[in-house]
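Data file: target-v2.cif. Format and content: mmCIF, C-alpha atoms.
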data_final
loop_
_atom_site.label_atom_id
_atom_site.label_comp_id
_atom_site.auth_asym_id
_atom_site.auth_seq_id
_atom_site.Cartn_x
_atom_site.Cartn_y
_atom_site.Cartn_z
CA MET A 1 97.08 75.77 115.56
CA LEU A 2 94.21 75.95 118.03
CA GLU A 3 92.20 73.85 115.57
CA LEU A 4 94.87 71.11 115.78
CA PHE A 5 94.98 71.09 119.57
CA GLY A 6 91.92 68.91 119.90
CA SER A 7 93.10 66.48 117.23
CA GLY A 8 96.21 65.44 119.13
CA LEU A 9 98.53 66.31 116.25
CA ILE A 10 100.57 68.60 118.47
CA SER A 11 101.47 65.70 120.73
CA ILE A 12 102.28 63.53 117.70
CA TRP A 13 104.58 66.23 116.32
CA LEU A 14 106.41 66.58 119.61
CA GLU A 15 106.79 62.82 120.05
CA MET A 16 108.23 62.55 116.54
CA ALA A 17 110.74 65.22 117.49
CA GLY A 18 111.80 63.25 120.57
CA VAL A 19 110.30 65.72 123.04
CA ASN A 20 108.87 64.49 126.34
CA VAL A 21 105.17 65.31 125.96
CA LYS A 22 103.32 66.97 128.81
CA PRO A 23 99.70 68.13 128.95
CA ILE A 24 99.40 71.25 126.80
CA ASN A 25 96.70 73.89 127.20
CA ALA A 26 95.38 76.39 124.67
CA LEU A 27 97.60 79.22 125.89
CA ASP A 28 100.65 77.02 125.36
CA ILE A 29 99.48 76.44 121.80
CA LEU A 30 99.37 80.17 121.21
CA ALA A 31 102.88 80.39 122.62
CA TRP A 32 104.04 77.86 120.02
CA GLN A 33 102.57 80.05 117.30
CA GLY A 34 104.34 83.04 118.79
CA SER A 35 107.76 81.32 119.03
CA PRO A 36 108.62 81.53 115.34
CA GLY A 37 112.28 80.65 115.67
CA LEU A 38 111.34 77.30 117.20
CA VAL A 39 111.31 74.56 114.56
CA LEU A 40 111.62 71.15 116.16
CA ALA A 41 111.46 68.83 113.18
CA ALA A 42 110.73 68.48 109.51
CA ASP A 43 107.18 67.56 108.59
CA PRO A 44 107.00 63.77 108.12
CA ASN A 45 104.44 64.37 105.39
CA PRO A 46 106.50 65.35 102.31
CA VAL A 47 103.63 67.18 100.60
CA GLY A 48 105.05 70.64 101.36
CA ALA A 49 108.58 69.89 100.22
CA THR A 50 107.35 68.03 97.15
CA THR A 51 105.01 70.83 96.14
CA VAL A 52 107.77 73.41 96.47
CA LEU A 53 110.17 71.27 94.42
CA GLU A 54 107.56 71.00 91.65
CA TYR A 55 107.03 74.77 91.88
CA LEU A 56 110.74 75.48 91.42
CA LYS A 57 110.89 73.14 88.43
CA GLY A 58 107.87 74.93 87.02
CA LEU A 59 109.67 78.27 87.22
CA GLN A 60 112.36 76.84 84.96
CA THR A 61 109.87 75.18 82.59
CA LEU A 62 108.03 78.48 82.15
CA LYS A 63 111.40 80.24 81.73
CA LEU A 64 110.66 82.55 84.64
CA VAL A 65 114.13 81.72 85.92
CA ALA A 66 117.12 80.08 84.30
CA ALA A 67 118.32 76.69 85.47
CA ASN A 68 121.14 78.30 87.44
CA GLN A 69 118.91 80.91 89.09
CA THR A 70 116.86 78.77 91.48
CA GLN A 71 119.32 79.67 94.25
CA SER A 72 118.11 83.26 94.03
CA GLN A 73 114.57 82.17 94.97
CA GLY A 74 113.65 81.88 98.65
CA ILE A 75 110.81 79.86 100.21
CA TRP A 76 109.90 78.97 103.79
CA ILE A 77 106.72 77.11 104.77
CA GLN A 78 106.01 76.24 108.40
CA SER A 79 103.14 74.92 110.49
CA GLY A 80 103.66 75.39 114.20
CA PRO A 81 106.96 73.69 115.11
CA MET A 82 106.97 71.71 111.85
CA LEU A 83 109.07 72.86 108.90
CA MET A 84 107.18 71.88 105.76
CA ALA A 85 109.50 73.30 103.09
CA ASN A 86 112.71 75.28 102.92
CA HIS A 87 114.55 76.56 99.86
CA GLN A 88 117.16 79.18 100.71
CA GLY A 89 114.80 80.09 103.54
CA THR A 90 117.41 81.51 105.89
CA ILE A 91 119.17 83.66 103.27
CA PRO A 92 118.32 87.41 103.38
CA LEU A 93 116.90 88.40 99.99
CA PRO A 94 115.50 91.71 98.64
CA ALA A 95 112.14 91.71 100.37
CA ALA A 96 110.45 94.75 98.77
CA SER A 97 107.26 95.59 100.69
CA LEU A 98 107.52 92.54 102.93
CA THR A 99 109.61 95.09 104.84
CA LYS A 100 106.30 96.59 105.97
CA ILE A 101 105.75 93.46 108.07
CA ALA A 102 108.76 94.45 110.16
CA THR A 103 107.50 98.02 110.40
CA SER A 104 104.05 96.79 111.45
CA LEU A 105 105.49 94.52 114.13
CA VAL A 106 107.70 97.17 115.71
CA ALA A 107 105.04 99.92 115.57
CA LEU A 108 102.49 97.58 117.17
CA ASP A 109 104.97 96.64 119.88
CA ASN A 110 106.05 100.23 120.49
CA PHE A 111 102.68 101.99 120.56
CA GLY A 112 99.96 99.37 120.95
CA PRO A 113 96.98 98.95 118.58
CA ASP A 114 94.88 101.79 120.00
CA HIS A 115 97.52 104.52 119.86
CA GLN A 116 96.44 107.75 118.13
CA PHE A 117 98.79 110.38 116.73
CA GLN A 118 97.95 113.99 117.56
CA THR A 119 97.93 117.03 115.29
CA LEU A 120 97.71 120.30 117.24
CA VAL A 121 96.07 123.45 115.90
CA SER A 122 97.02 126.73 117.60
CA ALA A 123 96.74 130.50 117.10
CA THR A 124 99.19 133.34 117.72
CA GLY A 125 96.59 136.06 118.12
CA PRO A 126 93.08 136.82 119.40
CA LEU A 127 89.76 136.09 117.71
CA GLN A 128 87.64 139.16 116.91
CA ASN A 129 84.31 138.94 115.07
CA GLY A 130 85.22 135.71 113.26
CA VAL A 131 88.70 136.89 112.34
CA LEU A 132 91.80 135.37 113.90
CA GLN A 133 94.36 138.15 114.28
CA GLY A 134 97.59 136.23 113.75
CA ASP A 135 98.88 132.92 112.41
CA LEU A 136 97.23 129.53 112.41
CA VAL A 137 99.87 127.04 113.55
CA ILE A 138 99.79 123.31 112.78
CA THR A 139 102.04 121.09 114.89
CA GLY A 140 102.29 117.69 113.29
CA GLY A 141 102.57 114.60 115.44
CA GLY A 142 103.48 112.12 112.72
CA ASP A 143 99.98 111.03 111.66
CA PRO A 144 100.61 108.79 108.60
CA LEU A 145 96.96 108.93 107.53
CA PHE A 146 96.17 112.64 107.66
CA VAL A 147 94.11 113.06 104.45
CA TRP A 148 91.42 115.33 102.99
CA GLU A 149 88.83 114.14 105.52
CA GLU A 150 91.05 115.10 108.43
CA ALA A 151 91.66 118.58 107.04
CA ILE A 152 87.96 119.13 106.30
CA ALA A 153 87.09 118.09 109.86
CA ILE A 154 89.60 120.56 111.27
CA GLY A 155 88.18 123.33 109.09
CA ASN A 156 84.66 122.58 110.29
CA SER A 157 85.81 122.65 113.92
CA LEU A 158 87.45 126.04 113.38
CA ASN A 159 84.16 127.31 111.94
CA LYS A 160 82.34 126.00 115.02
CA MET A 161 84.71 128.10 117.12
CA GLY A 162 83.67 131.12 115.11
CA ILE A 163 86.87 131.34 113.06
CA LYS A 164 86.25 132.21 109.41
CA ARG A 165 89.33 134.19 108.48
CA ILE A 166 93.04 134.19 109.39
CA THR A 167 94.90 137.46 108.90
CA GLY A 168 98.34 135.84 109.19
CA ASN A 169 99.99 132.76 107.75
CA LEU A 170 99.48 129.04 107.96
CA VAL A 171 102.56 127.88 109.87
CA ILE A 172 103.64 124.23 109.79
CA THR A 173 105.82 122.82 112.55
CA GLY A 174 106.62 119.33 113.77
CA ASN A 175 106.20 116.18 111.70
CA PHE A 176 103.27 116.98 109.42
CA ALA A 177 102.20 115.20 106.23
CA MET A 178 98.98 115.28 104.26
CA ASN A 179 97.69 112.92 101.59
CA PHE A 180 100.99 111.00 101.94
CA GLN A 181 102.97 114.11 100.99
CA ARG A 182 105.73 114.35 103.57
CA HIS A 183 107.27 117.62 102.35
CA PRO A 184 105.88 120.03 104.98
CA LEU A 185 105.47 123.01 102.64
CA LEU A 186 103.54 121.01 100.03
CA ALA A 187 101.48 119.31 102.73
CA GLY A 188 100.69 122.71 104.22
CA GLN A 189 99.55 124.07 100.87
CA MET A 190 97.09 121.19 100.53
CA LEU A 191 95.83 121.84 104.05
CA LYS A 192 95.29 125.52 103.29
CA GLN A 193 93.31 124.53 100.20
CA ALA A 194 91.21 122.03 102.15
CA LEU A 195 90.24 124.55 104.86
CA ASN A 196 88.40 126.74 102.35
CA THR A 197 85.73 125.10 100.20
CA ALA A 198 86.10 127.91 97.65
CA THR A 199 89.57 126.62 96.75
CA TRP A 200 88.81 122.89 96.72
CA SER A 201 90.22 120.66 94.03
CA ARG A 202 88.17 117.88 92.47
CA ALA A 203 89.94 115.40 94.73
CA ALA A 204 88.88 117.31 97.85
CA ALA A 205 85.30 117.62 96.64
CA PHE A 206 85.16 113.91 95.83
CA GLN A 207 86.44 112.89 99.26
CA HIS A 208 83.89 115.20 100.90
CA SER A 209 81.17 113.40 98.95
CA LEU A 210 82.22 110.16 100.65
CA MET A 211 81.96 111.63 104.14
CA PRO A 212 78.75 111.23 106.19
CA LYS A 213 75.76 112.95 104.62
CA GLY A 214 75.36 116.48 105.93
CA THR A 215 79.07 117.04 106.65
CA PRO A 216 79.57 120.84 106.39
CA LYS A 217 82.01 122.42 103.95
CA PRO A 218 84.56 124.52 105.84
CA GLN A 219 85.16 128.18 105.08
CA VAL A 220 88.42 129.27 106.66
CA VAL A 221 90.17 131.88 104.52
CA ILE A 222 93.88 132.35 105.22
CA ALA A 223 95.15 135.70 103.99
CA GLY A 224 98.85 134.89 104.30
CA VAL A 225 101.06 132.16 102.90
CA VAL A 226 102.18 128.74 104.05
CA LYS A 227 105.40 128.82 106.07
CA VAL A 228 107.45 126.07 107.66
CA GLU A 229 109.14 126.80 110.98
CA ALA A 230 111.39 124.58 113.07
CA GLN A 231 109.77 125.56 116.36
CA ALA A 232 106.34 126.75 117.36
CA ASN A 233 105.73 130.21 118.80
CA PRO A 234 105.84 129.82 122.60
CA GLN A 235 103.05 132.40 122.93
CA GLN A 236 100.55 130.54 120.77
CA MET A 237 97.21 129.35 122.15
CA LEU A 238 96.08 125.76 121.55
CA LEU A 239 92.70 125.66 119.78
CA LEU A 240 92.14 121.96 119.20
CA ARG A 241 93.71 118.50 119.14
CA HIS A 242 93.03 116.25 116.22
CA TYR A 243 93.48 112.52 116.86
CA SER A 244 94.38 110.06 114.12
CA LEU A 245 92.65 106.77 113.52
CA PRO A 246 93.87 104.04 115.91
CA LEU A 247 97.19 102.50 114.94
CA LYS A 248 95.55 99.14 114.13
CA GLN A 249 93.55 100.80 111.36
CA ILE A 250 96.55 102.79 110.14
CA ILE A 251 98.61 99.60 109.90
CA ARG A 252 95.82 97.88 108.01
CA GLU A 253 95.44 100.67 105.46
CA MET A 254 99.21 100.75 105.01
CA ASN A 255 99.34 97.01 104.32
CA VAL A 256 96.20 96.78 102.19
CA PHE A 257 97.54 99.42 99.80
CA SER A 258 101.24 98.82 100.56
CA ASN A 259 101.66 102.56 101.09
CA ASN A 260 105.35 103.50 101.20
CA GLU A 261 104.96 106.95 102.76
CA MET A 262 102.88 105.61 105.64
CA ALA A 263 105.49 102.94 106.26
CA GLN A 264 108.29 105.50 106.28
CA MET A 265 106.43 107.65 108.79
CA LEU A 266 105.75 104.71 111.11
CA ALA A 267 109.38 103.64 110.91
CA GLU A 268 110.51 107.16 111.78
CA ALA A 269 108.03 107.26 114.67
CA VAL A 270 109.72 104.27 116.34
CA GLY A 271 113.25 105.54 115.74
CA GLY A 272 114.16 104.72 112.14
CA ALA A 273 115.14 101.74 110.01
CA GLN A 274 117.88 100.49 112.31
CA VAL A 275 115.50 100.37 115.26
CA VAL A 276 112.95 98.51 113.13
CA GLN A 277 115.63 96.06 112.00
CA PHE A 278 117.00 95.14 115.41
CA THR A 279 113.67 95.22 117.24
CA ALA A 280 111.92 93.06 114.63
CA ALA A 281 114.67 90.43 114.81
CA ARG A 282 114.45 90.39 118.60
CA LEU A 283 110.68 90.11 118.68
CA ALA A 284 110.66 87.42 115.99
CA ARG A 285 113.52 85.55 117.66
CA VAL A 286 115.60 85.21 114.52
CA PRO A 287 119.27 86.04 113.92
CA GLN A 288 119.93 89.75 113.41
CA SER A 289 121.65 88.90 110.13
CA GLU A 290 118.36 87.75 108.59
CA ILE A 291 116.80 91.25 108.69
CA GLN A 292 118.77 94.04 106.98
CA LEU A 293 116.92 97.32 106.43
CA ILE A 294 117.65 100.81 105.13
CA ASN A 295 114.07 102.06 105.47
CA GLY A 296 110.64 101.01 106.69
CA SER A 297 108.90 100.66 103.33
CA GLY A 298 110.99 98.20 101.32
CA LEU A 299 112.04 100.57 98.56
CA GLY A 300 115.51 99.54 97.45
CA GLN A 301 117.39 96.29 96.93
CA GLU A 302 119.28 96.90 100.18
CA ASN A 303 116.25 95.91 102.25
CA ARG A 304 116.86 92.19 102.71
CA ILE A 305 114.94 89.70 104.83
CA SER A 306 115.04 85.91 104.87
CA PRO A 307 111.79 84.04 104.17
CA ARG A 308 112.12 82.41 107.60
CA ALA A 309 112.33 85.82 109.28
CA VAL A 310 109.26 87.00 107.36
CA CYS A 311 107.21 84.08 108.69
CA ALA A 312 108.62 84.61 112.16
CA MET A 313 107.59 88.26 112.18
CA LEU A 314 104.06 87.40 111.05
CA MET A 315 103.77 84.88 113.89
CA ALA A 316 105.02 87.49 116.34
CA ILE A 317 102.40 89.96 115.09
CA GLN A 318 99.70 87.31 115.42
CA GLN A 319 100.72 86.69 119.03
CA LYS A 320 100.63 90.40 119.88
CA ALA A 321 97.32 90.85 118.09
CA LEU A 322 95.67 88.02 120.02
CA VAL A 323 96.63 89.67 123.31
CA HIS A 324 94.55 92.67 122.21
CA GLU A 325 91.68 90.52 120.89
CA LEU A 326 92.72 91.15 117.29
CA THR A 327 94.00 88.89 114.53
CA LEU A 328 96.23 89.26 111.48
CA ALA A 329 93.09 89.90 109.42
CA ASP A 330 92.69 93.16 111.34
CA LEU A 331 96.14 94.28 110.18
CA PHE A 332 96.61 92.73 106.71
CA PRO A 333 94.40 91.99 103.68
CA ALA A 334 92.51 88.68 103.67
CA SER A 335 91.45 86.61 100.65
CA GLY A 336 87.69 86.46 100.26
CA LEU A 337 87.21 89.37 102.66
CA ASP A 338 89.19 92.18 101.04
CA HIS A 339 88.74 93.40 97.49
CA ARG A 340 90.99 96.44 97.62
CA GLY A 341 94.62 97.26 97.17
CA THR A 342 97.16 94.50 96.60
CA MET A 343 94.55 91.75 97.05
CA HIS A 344 92.94 92.81 93.77
CA SER A 345 93.31 90.17 91.02
CA ARG A 346 95.04 87.67 93.32
CA HIS A 347 93.69 84.11 93.45
CA LEU A 348 94.57 82.79 96.87
CA PRO A 349 92.91 80.13 99.03
CA ALA A 350 89.99 81.46 101.06
CA ALA A 351 90.84 83.26 104.32
CA THR A 352 94.54 83.53 103.42
CA ILE A 353 96.12 86.55 105.11
CA MET A 354 98.85 88.00 102.95
CA LYS A 355 101.36 90.75 102.24
CA THR A 356 102.88 91.35 98.84
CA GLY A 357 106.19 92.90 97.83
CA THR A 358 107.20 94.18 94.41
CA LEU A 359 110.25 95.82 92.92
CA ARG A 360 111.45 95.91 89.32
CA ASP A 361 112.99 92.45 89.68
CA VAL A 362 111.40 91.18 92.90
CA SER A 363 108.01 89.59 93.50
CA ALA A 364 107.26 88.42 97.02
CA LEU A 365 104.28 87.00 98.87
CA ALA A 366 103.98 86.05 102.52
CA GLY A 367 101.23 85.26 104.97
CA VAL A 368 99.25 82.44 106.55
CA MET A 369 96.52 80.16 105.24
CA PRO A 370 94.22 77.85 107.19
CA THR A 371 94.13 74.15 106.26
CA ARG A 372 92.35 71.10 107.62
CA ASP A 373 95.39 68.83 107.95
CA ARG A 374 98.03 71.30 109.14
CA GLY A 375 96.07 74.09 110.74
CA LEU A 376 97.71 77.47 110.14
CA VAL A 377 100.37 77.24 107.44
CA TRP A 378 102.82 80.17 107.38
CA PHE A 379 104.60 80.91 104.12
CA ALA A 380 107.04 83.35 102.55
CA ILE A 381 108.01 83.29 98.87
CA ILE A 382 110.60 85.68 97.43
CA ASN A 383 111.14 85.49 93.67
CA ARG A 384 113.98 87.19 91.80
CA GLY A 385 113.41 88.02 88.13
CA THR A 386 111.64 90.49 85.86
CA ASN A 387 108.45 88.58 84.96
CA ILE A 388 106.42 89.93 87.88
CA SER A 389 103.01 88.83 86.55
CA GLY A 390 104.34 85.31 85.93
CA PHE A 391 105.73 85.08 89.46
CA ARG A 392 102.45 86.28 90.96
CA ALA A 393 100.47 83.66 89.07
CA GLY A 394 102.92 80.98 90.15
CA GLN A 395 102.74 82.02 93.81
CA ASP A 396 98.95 81.82 93.76
CA GLN A 397 99.06 78.39 92.09
CA LEU A 398 101.57 77.10 94.63
CA LEU A 399 99.32 78.04 97.53
CA GLN A 400 96.21 76.71 95.78
CA ARG A 401 97.94 73.37 95.17
CA LEU A 402 99.18 73.16 98.74
CA SER A 403 95.72 74.03 100.07
CA GLN A 404 94.13 71.29 97.99
CA GLN A 405 96.62 68.70 99.20
CA LEU A 406 96.22 69.70 102.85
CA GLN A 407 92.46 70.08 102.45
CA VAL A 408 90.62 73.37 102.73
CA ALA A 409 89.74 74.48 106.25
CA GLN A 410 86.07 74.47 107.15
CA GLY A 411 85.24 78.14 107.48
CA VAL A 412 87.50 80.90 108.79
CA PRO A 413 89.32 79.86 111.99
CA ALA A 414 88.64 82.09 114.97
CA THR A 415 92.36 82.86 115.15
CA LEU A 416 92.16 84.50 111.70
CA ALA A 417 88.67 86.01 111.75
CA PRO A 418 88.75 89.83 111.67
CA HIS A 419 87.38 91.87 114.55
CA ILE A 420 87.45 95.18 112.66
CA ALA A 421 84.86 95.66 109.91
CA ILE A 422 86.41 94.94 106.50
CA ASN A 423 85.90 97.15 103.42
CA THR A 424 83.98 99.79 105.37
CA LEU A 425 84.61 103.37 106.38
CA PRO A 426 86.29 103.95 109.77
CA GLN A 427 84.07 103.33 112.78
CA PHE A 428 84.21 106.98 113.78
CA GLY A 429 84.79 109.93 111.49
CA ALA A 430 87.49 112.59 111.44
CA ASP A 431 85.20 115.20 113.00
CA GLU A 432 84.64 112.96 116.02
CA ARG A 433 88.41 112.84 116.54
CA ASN A 434 88.69 116.59 117.11
CA GLU A 435 88.96 117.81 120.68
CA MET A 436 88.06 121.51 120.64
CA LEU A 437 89.77 123.48 123.39
CA TYR A 438 88.51 126.96 122.58
CA GLY A 439 85.05 128.40 122.08
CA GLY A 440 82.54 126.38 120.11
#
Is it possible to give me this structure as structure tokens?
Amino acid sequence: MLELFGSGLISIWLEMAGVNVKPINALDILAWQGSPGLVLAADPNPVGATTVLEYLKGLQTLKLVAANQTQSQGIWIQSGPMLMANHQGTIPLPAASLTKIATSLVALDNFGPDHQFQTLVSATGPLQNGVLQGDLVITGGGDPLFVWEEAIAIGNSLNKMGIKRITGNLVITGNFAMNFQRHPLLAGQMLKQALNTATWSRAAAFQHSLMPKGTPKPQVVIAGVVKVEAQANPQQMLLLRHYSLPLKQIIREMNVFSNNEMAQMLAEAVGGAQVVQFTAARLARVPQSEIQLINGSGLGQENRISPRAVCAMLMAIQQKALVHELTLADLFPASGLDHRGTMHSRHLPAATIMKTGTLRDVSALAGVMPTRDRGLVWFAIINRGTNISGFRAGQDQLLQRLSQQLQVAQGVPATLAPHIAINTLPQFGADERNEMLYGG
């Protein structure tokens, strides 16, 4: 939209809609992009509507849907205040992992992009000659991306404190998950394994090989078992705080790989599915009826979102990201920049930011693509049917055709360029996110 500001198209659009035009500055343009519920007029250029009509006919020709099933398909395409195409766009449909857009929006609004979850490590007894006389207690703080690297870093920090052996148990309290395993006992067993290099699995050894060269291998032997307790021992002594990656990187990893467990944990962190549902609708300025959620991941047909609401939430995220000098590309996969996760094997126009959604009979795609003639074009496509691969190919072709007709943007617009390095390891490792509070 910023790219269109200088061309005068904004004023033309508003005049066509019968709005008294006043001088508009760049911040006002960003406000338009962040007011997703505001659609003033249909696009006078029929290219969007025509392309979507041809797409729907193509679904029938390829027998992806029957002639009487086009009403179960939902499409919304919008550029700024201009509605380019709408087919069942305000009807809530099973959204699959497009639900993660709502979760991303509410988590970003609730915590901010730099928020870090804390995992506390404590002891119930004294340290004598490298042996901790008591239990090692882990108090989880809801970190959705606590993985092998995090556990290895904690083990190495314990070794730096002089702790090599625990005479008691490994006690798990709070909201703790590891390697996307949210059952606290199973997560604790993986943590116990990770703390002692002698018990490493191949997966742990492989992840260590990807850590910075020279990263030590921890040797913390726990004599007891893994136990889960509702409350921590009030007499325990805090040894260290482990901080998660910043929320902006957690959200990105969740969306790149469409990780359901991470989404569930983020939804729980903000208060659950109902909070996500109502807050997302409020922030996106769409009717509450257009977002209906039972969880934060999208698993289940009961998660229903209208294509319009999907676009509205993406615009709301973009607005919040810009305030923090970020863009959607810092939070979602981008065509031509990402080669991991759900972007793999997709053929989308360059610099398209996207989120996919898939269930047994749902294939969805939403995002934003830059064009020369319409600036940022926001889209949401929700297909119902069992030929998932056919729907995916059709979605890609629809966007490619639309991009060709609106002309490809010259380069990546600043409003979509990522600020966080893409396809690289985190900027600072797990060991650097440990705050040791004892010894060392």
- Task: Please provide the set of residues having any atom within 12 Å of Gln60 (chain A), restricted to all atoms listed in the file, with same-chain residues fewer than 3 positions apart removed, written as a list in words.
- Result: Leu53, Glu54, Tyr55, Leu56, Lys57, Lys63, Leu64, Val65, Ala66, Ala67, Asn68, Gln69, Thr70, Gln71, Gln73, Gly385, Gly390, Phe391 and Gly394 of chain A
- Note on the structure: Among A:Gly134, A:Pro144, A:Gly162, A:Gly89, Gln116 (chain A) is approached most closely, using only C-alpha atoms, by A:Pro144
- Explicit residue set for the PyMOL selection byres ((chain A and resi 253) around 10), as an MDAnalysis selection string: chainID A and resid 145 247:252 254:259 262 330:333 340:341
Mind dumping the selected residues with C-alpha atoms as a compact mmCIF listing (two decimals), in the frame of the given file?
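Wrote again.txt, looks like this:
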# COMPACT_ATOMS: atom_id res chain seq x y z
CA LEU A 145 96.96 108.93 107.53
CA LEU A 247 97.19 102.50 114.94
CA LYS A 248 95.55 99.14 114.13
CA GLN A 249 93.55 100.80 111.36
CA ILE A 250 96.55 102.79 110.14
CA ILE A 251 98.61 99.60 109.90
CA ARG A 252 95.82 97.88 108.01
CA MET A 254 99.21 100.75 105.01
CA ASN A 255 99.34 97.01 104.32
CA VAL A 256 96.20 96.78 102.19
CA PHE A 257 97.54 99.42 99.80
CA SER A 258 101.24 98.82 100.56
CA ASN A 259 101.66 102.56 101.09
CA MET A 262 102.88 105.61 105.64
CA ASP A 330 92.69 93.16 111.34
CA LEU A 331 96.14 94.28 110.18
CA PHE A 332 96.61 92.73 106.71
CA PRO A 333 94.40 91.99 103.68
CA ARG A 340 90.99 96.44 97.62
CA GLY A 341 94.62 97.26 97.17
- Evaluate the PyMOL selection byres ((chain A and resi 345) around 12) on the structure here and hand back the selected residues as a count of residues only. 16
Tell me which residues the PyMOL selection byres ((chain A and resi 386) around 7) grabs here, as a short mmCIF file (atom, residue, chain, number, x, y, z; two decimals) with C-alpha atoms, keeping the file's coordinate frame.
data_model
loop_
_atom_site.label_atom_id
_atom_site.label_comp_id
_atom_site.auth_asym_id
_atom_site.auth_seq_id
_atom_site.Cartn_x
_atom_site.Cartn_y
_atom_site.Cartn_z
CA ARG A 360 111.45 95.91 89.32
CA ASP A 361 112.99 92.45 89.68
CA GLY A 385 113.41 88.02 88.13
CA ASN A 387 108.45 88.58 84.96
CA ILE A 388 106.42 89.93 87.88
#
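Residues in contact range of Ile77 (chain A), defined as at most 6 Å between all atoms listed in the file, with sequence neighbours fewer than 5 positions away removed, read Met84, Ala85, Trp378 and Phe379 of chain A.
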- note - CA of Pro113 (chain A) and CA of Ala414 (chain A) are separated by 19.2 Å
- Query: Quick one: residues within 9 Å of region 186-200 of chain A, all atoms listed in the file counted, chain neighbours fewer than 3 positions away excluded, as a PyMOL selection string?
  - Reply: chain A and resi 138+147-149+151-156+170-172+176-183+203-205+217-222+225-228
- Message: Env of Asn383 (chain A): 8 Å cut, atoms = only C-alpha atoms, seq-sep filter 3 positions within chain, self excluded. Answer as a ChimeraX atom specification.
- Response: /A:72-74,362-364,391
- Message: Given the point (95.1, 114.2, 114.2) in the file's coordinates, find the residues that have an atom at most 10 Å from it, counting all atoms listed in the file, and give them as a VMD selection string.
- Response: chain A and resid 116 to 121 139 to 147 150 to 151 153 to 154 176 240 to 245 430 433 to 435
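Atom pair CA of Leu337 (chain A) / CA of Met369 (chain A) has a distance of 13.3 Å (rounded to one decimal).
Separating CA of Leu185 (chain A) from CA of Val275 (chain A) is a distance of 27.8 Å.
In terms of minimum interatomic distance to Leu328 (chain A), A:Leu416 ranks closest within A:Leu127, A:Leu416, A:Ile294, A:Ile166, counting all atoms listed in the file.
Each of A:Ile91, A:Leu314, A:Ala223, A:Met436 was checked against Arg165 (chain A) using all atoms listed in the file; the smallest atom-to-atom distance is that of A:Ala223.
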